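What follows is the content of protein12.cif, which has mmCIF, C-alpha atoms:
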data_structure
loop_
_atom_site.label_atom_id
_atom_site.label_comp_id
_atom_site.auth_asym_id
_atom_site.auth_seq_id
_atom_site.Cartn_x
_atom_site.Cartn_y
_atom_site.Cartn_z
CA MET A 1 -26.33 10.34 25.81
CA ALA A 2 -27.20 12.25 29.01
CA ALA A 3 -30.93 11.48 28.82
CA PRO A 4 -32.03 8.30 30.59
CA PHE A 5 -32.99 5.40 28.38
CA SER A 6 -36.75 5.64 28.41
CA ARG A 7 -38.31 3.52 25.68
CA VAL A 8 -37.08 0.06 24.93
CA TYR A 9 -38.52 -0.29 21.45
CA ARG A 10 -37.11 2.89 19.97
CA PRO A 11 -36.44 2.21 16.31
CA LEU A 12 -32.74 2.14 15.78
CA TRP A 13 -31.17 4.25 13.11
CA ARG A 14 -28.89 1.94 11.25
CA ILE A 15 -28.48 1.77 7.54
CA ILE A 16 -26.10 -0.72 6.09
CA THR A 17 -25.52 -0.61 2.37
CA THR A 18 -23.55 -3.48 1.06
CA SER A 19 -25.12 -3.69 -2.36
CA THR A 20 -22.20 -2.05 -4.15
CA LEU A 21 -19.80 -4.34 -2.32
CA ASN A 22 -21.68 -7.52 -3.25
CA ARG A 23 -21.73 -6.48 -6.87
CA GLY A 24 -18.00 -6.00 -6.87
CA VAL A 25 -17.34 -9.49 -5.56
CA ARG A 26 -19.71 -11.36 -7.82
CA ASN A 27 -16.76 -12.94 -9.57
CA VAL A 28 -16.17 -15.01 -6.44
CA SER A 29 -19.50 -16.77 -6.79
CA SER A 30 -18.88 -17.69 -10.41
CA SER A 31 -15.53 -19.23 -9.58
CA ARG A 32 -17.16 -21.21 -6.79
CA GLN A 33 -19.76 -22.40 -9.28
CA GLN A 34 -16.97 -23.70 -11.46
CA LEU A 35 -15.39 -25.36 -8.47
CA SER A 36 -18.60 -27.03 -7.36
CA ALA A 37 -19.27 -28.12 -10.95
CA GLN A 38 -15.85 -29.71 -11.07
CA ASN A 39 -16.29 -31.43 -7.74
CA VAL A 40 -19.54 -33.12 -8.78
CA LYS A 41 -18.45 -35.84 -11.16
CA PRO A 42 -20.53 -36.52 -14.26
CA ALA A 43 -23.56 -38.81 -13.95
CA GLY A 44 -22.57 -42.36 -13.22
CA ALA A 45 -19.82 -41.45 -10.72
CA ALA A 46 -21.72 -39.01 -8.48
CA SER A 47 -20.50 -38.41 -4.96
CA PRO A 48 -22.38 -40.39 -2.31
CA TRP A 49 -22.79 -37.26 -0.18
CA ALA A 50 -25.80 -35.02 -0.71
CA LEU A 51 -25.00 -31.33 -0.40
CA HIS A 52 -27.13 -29.01 1.68
CA GLY A 53 -26.88 -25.29 2.17
CA ALA A 54 -27.88 -23.89 5.53
CA VAL A 55 -28.21 -20.34 6.74
CA CYS A 56 -27.35 -19.04 10.18
CA VAL A 57 -29.57 -15.97 10.53
CA GLN A 58 -28.51 -13.75 13.38
CA ARG A 59 -30.54 -10.96 14.82
CA LEU A 60 -28.01 -8.34 15.84
CA PRO A 61 -27.98 -6.95 19.36
CA ALA A 62 -28.77 -3.35 20.19
CA VAL A 63 -25.71 -1.69 21.68
CA SER A 64 -26.98 0.95 24.02
CA GLN A 65 -27.12 2.11 27.61
CA ASP A 66 -27.87 -0.29 30.43
CA ARG A 67 -31.48 -0.53 31.48
CA SER A 68 -32.88 0.67 34.77
CA PRO A 69 -34.31 -2.00 37.14
CA ILE A 70 -37.92 -1.24 36.22
CA GLU A 71 -37.14 -1.65 32.56
CA GLU A 72 -35.40 -4.94 33.29
CA GLU A 73 -38.49 -6.27 35.06
CA PHE A 74 -40.70 -5.15 32.20
CA MET A 75 -38.52 -6.91 29.68
CA GLU A 76 -38.57 -10.05 31.79
CA LEU A 77 -42.34 -10.02 31.83
CA MET A 78 -42.86 -9.32 28.19
CA HIS A 79 -40.59 -11.27 25.96
CA GLN A 80 -37.72 -13.06 27.64
CA LYS A 81 -39.24 -16.49 27.95
CA ASP A 82 -41.08 -16.48 24.67
CA VAL A 83 -38.53 -18.21 22.51
CA SER A 84 -40.22 -17.46 19.22
CA SER A 85 -40.19 -13.70 19.64
CA SER A 86 -37.38 -11.89 17.91
CA GLU A 87 -37.51 -9.01 20.38
CA ARG A 88 -36.18 -10.94 23.35
CA CYS A 89 -32.74 -10.30 24.84
CA LEU A 90 -31.90 -7.16 22.91
CA ALA A 91 -28.45 -7.13 24.41
CA ASP A 92 -27.44 -10.47 22.83
CA SER A 93 -27.40 -11.74 19.30
CA LEU A 94 -30.01 -14.39 18.54
CA ILE A 95 -29.94 -17.25 16.04
CA LEU A 96 -32.93 -18.60 14.19
CA LEU A 97 -33.70 -22.31 14.59
CA VAL A 98 -36.34 -24.29 12.75
CA LYS A 99 -38.01 -27.54 13.73
CA LYS A 100 -37.84 -29.91 10.82
CA HIS A 101 -38.72 -33.48 9.96
CA VAL A 102 -35.49 -35.36 9.38
CA GLY A 103 -36.26 -38.94 8.52
CA SER A 104 -38.61 -40.03 11.24
CA GLN A 105 -37.74 -37.47 13.91
CA LYS A 106 -38.50 -33.83 14.44
CA LEU A 107 -35.29 -31.96 15.10
CA TRP A 108 -34.32 -28.39 15.79
CA LEU A 109 -31.92 -27.27 13.06
CA LEU A 110 -30.61 -24.22 11.34
CA PRO A 111 -32.72 -23.75 8.21
CA GLN A 112 -31.25 -25.90 5.46
CA ILE A 113 -32.23 -27.10 2.02
CA GLN A 114 -30.77 -29.46 -0.55
CA TRP A 115 -28.39 -28.14 -3.15
CA GLN A 116 -29.44 -28.31 -6.79
CA THR A 117 -27.06 -28.52 -9.73
CA GLY A 118 -26.27 -25.25 -11.39
CA GLU A 119 -26.53 -22.99 -8.37
CA THR A 120 -23.90 -21.82 -5.94
CA LEU A 121 -24.06 -22.92 -2.33
CA ARG A 122 -24.78 -19.38 -1.29
CA GLN A 123 -27.84 -19.35 -3.53
CA THR A 124 -28.90 -22.56 -1.84
CA ALA A 125 -28.63 -20.84 1.51
CA GLU A 126 -30.65 -17.89 0.23
CA ARG A 127 -33.30 -20.31 -0.99
CA ALA A 128 -33.34 -21.98 2.40
CA LEU A 129 -34.05 -18.61 3.99
CA ALA A 130 -36.73 -17.70 1.47
CA SER A 131 -38.46 -21.04 1.76
CA LEU A 132 -39.21 -20.68 5.48
CA PRO A 133 -42.97 -20.66 5.77
CA GLY A 134 -44.57 -17.51 7.05
CA ALA A 135 -41.44 -15.46 7.45
CA ASP A 136 -40.29 -13.05 4.77
CA LEU A 137 -36.93 -12.33 6.25
CA THR A 138 -34.70 -10.10 4.19
CA ALA A 139 -31.36 -10.85 5.71
CA THR A 140 -28.06 -9.62 4.38
CA PHE A 141 -25.58 -12.35 3.63
CA LEU A 142 -22.03 -11.65 4.71
CA GLY A 143 -19.80 -12.83 1.91
CA ASN A 144 -19.71 -15.88 -0.31
CA ALA A 145 -17.55 -18.09 1.86
CA PRO A 146 -19.27 -20.61 4.15
CA CYS A 147 -18.57 -20.27 7.83
CA GLY A 148 -19.09 -23.86 8.95
CA PHE A 149 -19.58 -27.42 7.90
CA TYR A 150 -21.35 -30.48 9.24
CA LYS A 151 -21.32 -34.00 7.89
CA TYR A 152 -23.69 -36.78 8.89
CA LYS A 153 -24.46 -40.25 7.68
CA TYR A 154 -27.96 -41.48 7.06
CA PRO A 155 -29.15 -44.30 9.32
CA LYS A 156 -28.26 -47.76 8.05
CA ASP A 157 -31.68 -48.66 6.71
CA ILE A 158 -31.88 -45.56 4.51
CA GLN A 159 -28.35 -45.78 3.16
CA LYS A 160 -28.31 -46.86 -0.45
CA GLU A 161 -25.48 -47.43 -2.91
CA GLY A 162 -25.29 -43.90 -4.09
CA SER A 163 -26.10 -42.04 -0.90
CA VAL A 164 -24.15 -42.39 2.29
CA GLY A 165 -25.04 -39.18 4.02
CA ALA A 166 -25.19 -35.44 3.69
CA LYS A 167 -22.81 -32.53 4.05
CA VAL A 168 -24.19 -29.23 5.22
CA PHE A 169 -22.45 -25.90 4.59
CA PHE A 170 -23.46 -22.99 6.78
CA PHE A 171 -23.61 -19.38 5.64
CA LYS A 172 -24.01 -16.37 7.86
CA ALA A 173 -26.62 -13.71 7.43
CA VAL A 174 -27.59 -10.78 9.62
CA LEU A 175 -30.88 -9.15 10.43
CA PRO A 176 -30.99 -5.65 11.86
CA SER A 177 -32.74 -5.64 15.17
CA HIS A 178 -35.41 -3.05 14.62
CA LYS A 179 -37.74 -5.17 12.56
CA HIS A 180 -40.40 -7.07 14.42
CA LEU A 181 -40.99 -10.43 12.79
CA PRO A 182 -44.06 -12.45 13.68
CA LEU A 183 -43.30 -16.15 13.44
CA GLU A 184 -45.11 -19.35 14.35
CA LYS A 185 -44.50 -20.49 17.88
CA ASN A 186 -43.78 -24.16 17.63
CA SER A 187 -41.59 -24.34 14.61
CA PHE A 188 -39.34 -21.29 15.02
CA ALA A 189 -37.08 -20.23 17.84
CA TRP A 190 -34.71 -17.34 18.41
CA VAL A 191 -32.02 -18.55 20.79
CA LYS A 192 -28.88 -17.21 22.35
CA LYS A 193 -25.62 -19.09 22.15
CA GLU A 194 -25.98 -20.36 25.73
CA GLU A 195 -29.46 -21.74 25.05
CA LEU A 196 -28.39 -23.64 21.93
CA GLN A 197 -27.56 -26.75 23.93
CA ASP A 198 -31.21 -27.12 24.92
CA PHE A 199 -32.25 -27.33 21.31
CA LEU A 200 -29.58 -28.96 19.21
CA LYS A 201 -28.15 -32.46 19.14
CA PRO A 202 -24.63 -32.73 20.67
CA GLU A 203 -22.71 -33.53 17.46
CA TYR A 204 -24.48 -30.83 15.50
CA LEU A 205 -24.05 -28.42 18.38
CA LYS A 206 -20.31 -28.99 18.46
CA GLN A 207 -19.89 -27.91 14.85
CA VAL A 208 -22.34 -25.03 15.07
CA ARG A 209 -20.74 -23.62 18.20
CA ARG A 210 -17.46 -23.19 16.36
CA PHE A 211 -18.73 -20.41 14.15
CA ILE A 212 -21.22 -18.65 16.37
CA MET A 213 -19.71 -15.69 18.17
CA ALA A 214 -21.32 -14.50 21.34
CA LEU A 215 -20.16 -10.91 21.39
CA MET B 1 67.86 13.20 35.97
CA ASN B 2 67.59 16.05 33.60
CA THR B 3 69.68 14.33 30.96
CA LEU B 4 67.62 11.17 31.37
CA LEU B 5 64.46 13.15 30.92
CA ASN B 6 65.96 14.86 27.91
CA LYS B 7 66.96 11.53 26.41
CA VAL B 8 63.45 10.15 26.96
CA LEU B 9 61.93 13.21 25.39
CA LEU B 10 64.37 12.96 22.51
CA LEU B 11 63.48 9.29 22.06
CA GLN B 12 59.80 10.11 22.09
CA ASN B 13 60.31 12.91 19.67
CA THR B 14 62.30 10.73 17.33
CA ARG B 15 59.66 8.02 17.54
CA ALA B 16 56.99 10.54 16.77
CA LEU B 17 59.07 11.85 13.89
CA VAL B 18 59.61 8.34 12.61
CA CYS B 19 55.89 7.65 12.84
CA ALA B 20 55.13 10.87 11.12
CA ALA B 21 57.70 10.13 8.46
CA SER B 22 56.34 6.63 7.91
CA SER B 23 52.78 7.91 7.78
CA LEU B 24 53.88 10.59 5.39
CA GLN B 25 55.56 7.97 3.26
CA SER B 26 52.47 5.75 3.34
CA GLN B 27 50.26 8.69 2.52
CA VAL B 28 52.48 9.67 -0.35
CA LEU B 29 52.76 6.14 -1.64
CA THR B 30 49.08 5.15 -1.32
CA THR B 31 47.04 8.25 -2.00
CA GLN B 32 47.70 10.66 -4.77
CA MET B 33 47.96 13.88 -2.90
CA PRO B 34 49.79 17.04 -3.87
CA LEU B 35 53.11 17.05 -2.09
CA GLY B 36 52.81 20.54 -0.85
CA VAL B 37 49.70 19.84 1.27
CA LEU B 38 50.08 19.81 5.03
CA LEU B 39 49.28 16.29 6.25
CA THR B 40 47.76 15.53 9.65
CA ASN B 41 49.26 13.05 12.04
CA ARG B 42 47.57 9.86 10.76
CA GLN B 43 48.37 6.45 12.12
CA TYR B 44 49.24 3.41 10.11
CA ARG B 45 46.59 0.70 9.75
CA SER B 46 48.53 -1.85 11.74
CA MET B 47 48.54 0.46 14.74
CA PRO B 48 46.02 -0.87 17.29
CA THR B 49 44.50 2.54 17.77
CA HIS B 50 44.01 3.08 14.08
CA GLY B 51 40.77 5.00 13.45
CA ILE B 52 40.14 5.34 17.15
CA GLY B 53 38.37 8.69 16.93
CA LYS B 54 36.06 7.82 14.03
CA TYR B 55 32.35 8.29 14.66
CA ARG B 56 30.81 9.42 11.38
CA HIS B 57 30.15 5.82 10.40
CA LEU B 58 28.06 5.34 13.52
CA LEU B 59 25.63 8.16 12.81
CA PRO B 60 22.49 7.42 10.76
CA LYS B 61 22.77 8.20 7.08
CA ALA B 62 21.57 11.76 6.62
CA LEU B 63 19.61 11.75 3.36
CA PRO B 64 19.75 14.87 1.27
CA LYS B 65 16.78 17.07 2.12
CA LYS B 66 14.20 16.74 -0.65
CA LYS B 67 11.34 19.10 -1.29
CA LYS B 68 7.80 17.97 -0.42
CA GLU B 69 6.58 15.91 -3.34
CA ARG B 70 3.14 16.28 -4.82
CA VAL B 71 0.73 13.70 -3.42
CA GLN B 72 0.29 11.15 -6.20
CA ALA B 73 -2.99 9.35 -6.66
CA LYS B 74 -2.46 5.74 -5.64
CA GLN B 75 -3.41 2.99 -8.05
CA ILE B 76 -6.72 1.51 -6.93
CA LYS B 77 -6.22 -2.25 -6.81
CA ALA B 78 -8.91 -4.33 -8.40
CA ALA B 79 -10.61 -7.26 -6.70
CA THR B 80 -9.33 -10.74 -7.39
CA ALA B 81 -11.15 -14.01 -6.89
CA THR B 82 -10.06 -14.42 -3.28
CA GLU B 83 -9.48 -10.86 -2.16
CA PHE B 84 -11.44 -7.69 -2.12
CA GLY B 85 -10.00 -4.59 -3.76
CA VAL B 86 -10.02 -1.28 -1.97
CA PHE B 87 -13.15 -0.40 -0.04
CA ASN B 88 -14.14 2.31 2.39
CA VAL B 89 -15.85 1.78 5.70
CA CYS B 90 -17.70 5.05 6.34
CA VAL B 91 -18.90 5.76 9.83
CA SER B 92 -21.14 8.77 10.24
CA GLY B 93 -23.39 10.21 12.88
CA TYR B 94 -24.35 13.23 14.92
CA ASP B 95 -22.42 12.31 18.07
CA MET B 96 -18.72 12.83 17.45
CA THR B 97 -17.44 10.79 20.38
CA LEU B 98 -19.41 7.74 19.26
CA VAL B 99 -18.36 8.11 15.63
CA GLU B 100 -14.71 8.66 16.51
CA HIS B 101 -14.55 5.79 18.98
CA TYR B 102 -16.29 3.42 16.60
CA SER B 103 -13.93 4.27 13.74
CA GLN B 104 -10.98 3.80 16.08
CA TYR B 105 -12.43 0.46 17.13
CA ILE B 106 -12.64 -0.66 13.50
CA HIS B 107 -9.08 0.50 12.83
CA ASN B 108 -7.75 -1.35 15.87
CA LEU B 109 -9.68 -4.45 14.89
CA CYS B 110 -8.05 -4.36 11.44
CA ASN B 111 -4.61 -3.98 12.99
CA HIS B 112 -5.30 -6.91 15.27
CA LEU B 113 -6.51 -9.13 12.40
CA ASP B 114 -3.59 -8.06 10.15
CA ILE B 115 -5.86 -6.39 7.63
CA ARG B 116 -4.17 -3.67 5.59
CA VAL B 117 -5.54 -0.24 6.36
CA ASP B 118 -4.53 2.18 3.63
CA GLU B 119 -5.97 5.32 5.12
CA SER B 120 -8.01 6.43 8.06
CA CYS B 121 -9.31 9.94 7.65
CA ALA B 122 -12.15 12.29 8.45
CA LEU B 123 -14.38 13.95 5.92
CA PRO B 124 -15.49 17.56 6.49
CA THR B 125 -18.29 18.03 8.99
CA LYS B 126 -21.64 18.84 7.46
CA SER B 127 -23.99 21.14 9.32
CA THR B 128 -27.74 20.82 8.99
CA GLU B 129 -29.90 23.68 10.19
CA VAL B 130 -33.25 22.76 11.65
CA MET B 131 -35.62 25.60 10.92
CA VAL B 132 -38.91 26.06 12.70
CA MET B 133 -41.86 27.99 11.37
CA GLN B 134 -43.24 30.64 13.69
CA GLU B 135 -46.71 30.10 15.12
CA GLN B 136 -48.12 33.25 13.60
CA GLY B 137 -46.55 34.25 10.37
CA THR B 138 -44.55 32.70 7.62
CA LYS B 139 -41.04 33.39 8.83
CA MET B 140 -38.78 30.47 9.66
CA TYR B 141 -36.10 30.76 12.25
CA VAL B 142 -33.19 28.52 13.06
CA ASP B 143 -34.02 26.17 15.89
CA ALA B 144 -30.93 23.94 16.03
CA VAL B 145 -27.81 23.07 14.13
CA LEU B 146 -27.03 19.38 13.70
CA LYS B 147 -23.50 18.48 12.71
CA THR B 148 -22.89 15.22 10.87
CA HIS B 149 -19.41 13.84 11.43
CA GLU B 150 -17.93 11.26 9.13
CA ARG B 151 -14.89 9.03 9.40
CA VAL B 152 -13.50 6.76 6.71
CA VAL B 153 -11.32 3.69 7.16
CA GLN B 154 -9.89 2.53 3.85
CA ILE B 155 -9.13 -1.18 3.67
CA SER B 156 -7.34 -3.00 0.87
CA GLU B 157 -6.56 -6.61 0.04
CA MET B 158 -8.83 -8.26 2.51
CA LYS B 159 -9.33 -11.98 2.16
CA ALA B 160 -12.82 -12.97 1.19
CA THR B 161 -12.87 -15.72 3.81
CA LEU B 162 -12.06 -13.28 6.60
CA PHE B 163 -14.63 -10.73 5.50
CA PRO B 164 -17.77 -12.34 7.01
CA ILE B 165 -16.10 -12.66 10.40
CA PHE B 166 -14.87 -9.08 10.28
CA MET B 167 -18.30 -7.80 9.26
CA GLU B 168 -20.01 -9.74 12.00
CA VAL B 169 -17.78 -8.27 14.69
CA VAL B 170 -18.18 -4.77 13.29
CA LEU B 171 -21.97 -5.05 13.04
CA LYS B 172 -22.44 -6.57 16.47
CA ASN B 173 -20.58 -3.72 18.08
CA GLN B 174 -22.20 -0.92 16.15
CA PRO B 175 -23.57 1.60 18.64
CA GLU B 176 -26.92 3.34 18.40
CA GLY B 177 -26.96 6.56 16.49
CA VAL B 178 -24.08 5.62 14.23
CA ARG B 179 -24.53 4.81 10.57
CA LEU B 180 -22.23 2.30 8.91
CA CYS B 181 -21.70 2.21 5.16
CA LEU B 182 -19.36 0.09 3.05
CA LYS B 183 -18.48 1.35 -0.39
CA GLN B 184 -16.07 0.47 -3.14
CA HIS B 185 -13.33 3.05 -3.38
CA THR B 186 -13.43 5.01 -6.60
CA GLU B 187 -11.41 7.82 -8.10
CA ALA B 188 -14.33 10.17 -7.48
CA ASP B 189 -14.18 9.40 -3.75
CA TYR B 190 -10.50 10.28 -3.77
CA GLN B 191 -10.98 13.52 -5.66
CA ALA B 192 -13.84 14.60 -3.42
CA ARG B 193 -11.40 15.10 -0.58
CA PHE B 194 -9.53 17.89 -2.36
CA LYS B 195 -10.55 21.52 -2.26
CA THR B 196 -11.64 23.10 -5.51
CA ARG B 197 -9.42 25.81 -6.95
CA PRO B 198 -11.70 28.37 -8.52
CA GLU B 199 -8.95 30.55 -10.02
CA LEU B 200 -7.34 27.58 -11.71
CA GLU B 201 -10.65 26.42 -13.10
CA GLY B 202 -11.41 29.94 -14.31
CA LEU B 203 -8.08 30.16 -16.10
CA LEU B 204 -8.53 26.72 -17.65
CA ALA B 205 -11.97 27.71 -18.87
CA LYS B 206 -10.46 30.86 -20.39
CA ILE B 207 -7.80 28.87 -22.18
CA ASN B 208 -10.30 26.41 -23.54
CA ASN B 209 -12.80 29.03 -24.69
#
For the structure just supplied, provide its representation as structure tokens.
Amino acid sequence: MAAPFSRVYRPLWRIITTSTLNRGVRNVSSSRQQLSAQNVKPAGAASPWALHGAVCVQRLPAVSQDRSPIEEEFMELMHQKDVSSSERCLADSLILLVKKHVGSQKLWLLPQIQWQTGETLRQTAERALASLPGADLTATFLGNAPCGFYKYKYPKDIQKEGSVGAKVFFFKAVLPSHKHLPLEKNSFAWVKKEELQDFLKPEYLKQVRRFIMAL
Amino acid sequence: MNTLLNKVLLLQNTRALVCAASSLQSQVLTTQMPLGVLLTNRQYRSMPTHGIGKYRHLLPKALPKKKKERVQAKQIKAATATEFGVFNVCVSGYDMTLVEHYSQYIHNLCNHLDIRVDESCALPTKSTEVMVMQEQGTKMYVDAVLKTHERVVQISEMKATLFPIFMEVVLKNQPEGVRLCLKQHTEADYQARFKTRPELEGLLAKINN
């Protein structure tokens, strides 16, 4: 603690083992499966809302000593403005955003994917994370309960009898900060909570802001 | 003047005697006491100052002193569908101030969020000797001693919906150089805290053999 903070990219020594804990709580996921199975009525009276599972991947901050002025300048030069680098702003927690085609537009969203029958929503979120092209992110999911919810209606011309809109359930996952992840520039972004408003639509932002903690 | 005083005194005396007599009567009539016992000057219940000097009822109840009981092993609660069972948050590291402060932070966070903390204890410090080989020769000598400190916060009956939020806060504030580990609490973990008793084990082995 007395030595000055010399290298910025020192690998952090953090080991989190939650495997035994997840195994002990597996009964929660099965009960949720039953619940979701009950909520979806049998064919013929299906709900008009499509279910999506989304994942809010957070890169955790590095809690350490304050940097000297030279180190600050160096950090500024290297990675601050490059939004797709996961090494920027080590003092804050960053969230992963993906640019996706939604209907006719390209929007910045949290990675989401449609729910399929027979799987739990958390498995949907895990699939959403695994299906991101080019990034093999092994994030640890924190618990089986979703942290947020967003509901939107399809535009009038796409709305059919059986589908009115979609409901998205967000799950939280964490990434330890010592892994360097190369990602494509244009389709991925690591953003802080304050920068979210530059990327997300206002309605979506309002719901997402509720569960993102800027600690 | 003297006679007046005498009369007053006599009156007082008689009154006192009457009171005493009445109290005696009441005592005799109400409580079964042996007649030969010397009775104190007790007042009748209708007297306004009845029980004026009593204070024993105001003191806290002094429980009979019991011997120190043997520490019983607590029942480990199992997990239900909405709550976790008993799990341990183990914080370990080389720097004791960091480890201690972080474990205190977790404990205070649990208190603030109304999460039940069963126990918050320290496990024995483990020393690791770093040995260095000499430049010429095969002898190793001790270069440094690293001490690993460990603190455990035992949490029970935490809601599964609160858990992700709790974990996020704990992870985001984890300092460098501190290792965090979450484990289910088992009987073996509990027994590991006790010291072994070699004589007892020797005697047991002798009995069994």
In Å to one decimal, how far is CA of Lys206 in chain B from CA of Asp189 in chain B?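 Separation of CA of Asp189 in chain B and CA of Lys206 in chain B: 27.4 Å.
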Apply the PyMOL selection byres ((chain B) within 12 of (chain A)) to the displayed file and report the matching residues as a ChimeraX atom specification. /B:78-98,102,158-186
Might you spell out which residues the PyMOL selection byres ((chain B and resi 110) around 12) would select in the displayed file, as number ranges by chain? B: 89, 103-109, 111-120, 153-158, 162-163, 165-167, 169-170
Take the PyMOL selection byres ((chain A and resi 188) around 10), run it mentally on this structure, and tell me the resulting residues as a PDB file with C-alpha atoms, in the coordinates of the input.
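Once everything was written out, this is result.pdb:
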ATOM      1  CA  VAL A  83     -38.530 -18.210  22.510  1.00  0.00           C
ATOM      2  CA  SER A  84     -40.220 -17.460  19.220  1.00  0.00           C
ATOM      3  CA  SER A  85     -40.190 -13.700  19.640  1.00  0.00           C
ATOM      4  CA  LEU A  96     -32.930 -18.600  14.190  1.00  0.00           C
ATOM      5  CA  LEU A  97     -33.700 -22.310  14.590  1.00  0.00           C
ATOM      6  CA  VAL A  98     -36.340 -24.290  12.750  1.00  0.00           C
ATOM      7  CA  LYS A  99     -38.010 -27.540  13.730  1.00  0.00           C
ATOM      8  CA  LYS A 100     -37.840 -29.910  10.820  1.00  0.00           C
ATOM      9  CA  TRP A 108     -34.320 -28.390  15.790  1.00  0.00           C
ATOM     10  CA  LEU A 109     -31.920 -27.270  13.060  1.00  0.00           C
ATOM     11  CA  LEU A 110     -30.610 -24.220  11.340  1.00  0.00           C
ATOM     12  CA  PRO A 111     -32.720 -23.750   8.210  1.00  0.00           C
ATOM     13  CA  LEU A 132     -39.210 -20.680   5.480  1.00  0.00           C
ATOM     14  CA  PRO A 133     -42.970 -20.660   5.770  1.00  0.00           C
ATOM     15  CA  ALA A 135     -41.440 -15.460   7.450  1.00  0.00           C
ATOM     16  CA  LEU A 183     -43.300 -16.150  13.440  1.00  0.00           C
ATOM     17  CA  GLU A 184     -45.110 -19.350  14.350  1.00  0.00           C
ATOM     18  CA  LYS A 185     -44.500 -20.490  17.880  1.00  0.00           C
ATOM     19  CA  ASN A 186     -43.780 -24.160  17.630  1.00  0.00           C
ATOM     20  CA  SER A 187     -41.590 -24.340  14.610  1.00  0.00           C
ATOM     21  CA  ALA A 189     -37.080 -20.230  17.840  1.00  0.00           C
ATOM     22  CA  TRP A 190     -34.710 -17.340  18.410  1.00  0.00           C
ATOM     23  CA  VAL A 191     -32.020 -18.550  20.790  1.00  0.00           C
TER      24      VAL A 191
END
For Asp143 in chain B, find every residue with an atom within 12 Å (counting all atoms listed in the file), except residues of its own chain fewer than 4 positions away, and show them as a list in words.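 Once the nearby chain positions are removed, what remains is Thr128, Glu129, Val130, Met131, Val132, Met133 and Gln134 of chain B.
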Calculate how many Å separate CA of Lys147 in chain B from CA of Thr125 in chain B, rounding to one decimal. 6.4 Å
Nearby residues, (-24.5, -33.0, -6.7) file frame, 8 Å, all atoms listed in the file, as a list in words: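 Residues satisfying the cut-off, written out: Val40, Ala46, Ser47, Trp49, Ala50, Leu51, Trp115, Gln116 and Thr117 of chain A.
Pairwise distance (CA of Arg88 in chain A, CA of Met75 in chain A) equals 7.9 Å.
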Identify which of the residues A:Asp66, A:Glu126, A:Glu194, A:Asp157 lies closest to Leu94 in chain A, counting all atoms listed in the file when measuring atom-to-atom distances.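 That would be A:Glu194, the residue with the smallest distance to Leu94 in chain A.
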Can you tell me, as a PyMOL selection string, what residues are no more than 9 Å from His52 in chain A when counting only C-alpha atoms, ignoring any on the same chain fewer than 3 positions away? chain A and resi 112-116+121+124-125+166-170
Write a file of the selected residues as a short mmCIF file (atom, residue, chain, number, x, y, z; two decimals), keeping the file's coordinate frame, keeping C-alpha atoms.
data_model
loop_
_atom_site.label_atom_id
_atom_site.label_comp_id
_atom_site.auth_asym_id
_atom_site.auth_seq_id
_atom_site.Cartn_x
_atom_site.Cartn_y
_atom_site.Cartn_z
CA GLN A 112 -31.25 -25.90 5.46
CA ILE A 113 -32.23 -27.10 2.02
CA GLN A 114 -30.77 -29.46 -0.55
CA TRP A 115 -28.39 -28.14 -3.15
CA GLN A 116 -29.44 -28.31 -6.79
CA LEU A 121 -24.06 -22.92 -2.33
CA THR A 124 -28.90 -22.56 -1.84
CA ALA A 125 -28.63 -20.84 1.51
CA ALA A 166 -25.19 -35.44 3.69
CA LYS A 167 -22.81 -32.53 4.05
CA VAL A 168 -24.19 -29.23 5.22
CA PHE A 169 -22.45 -25.90 4.59
CA PHE A 170 -23.46 -22.99 6.78
#
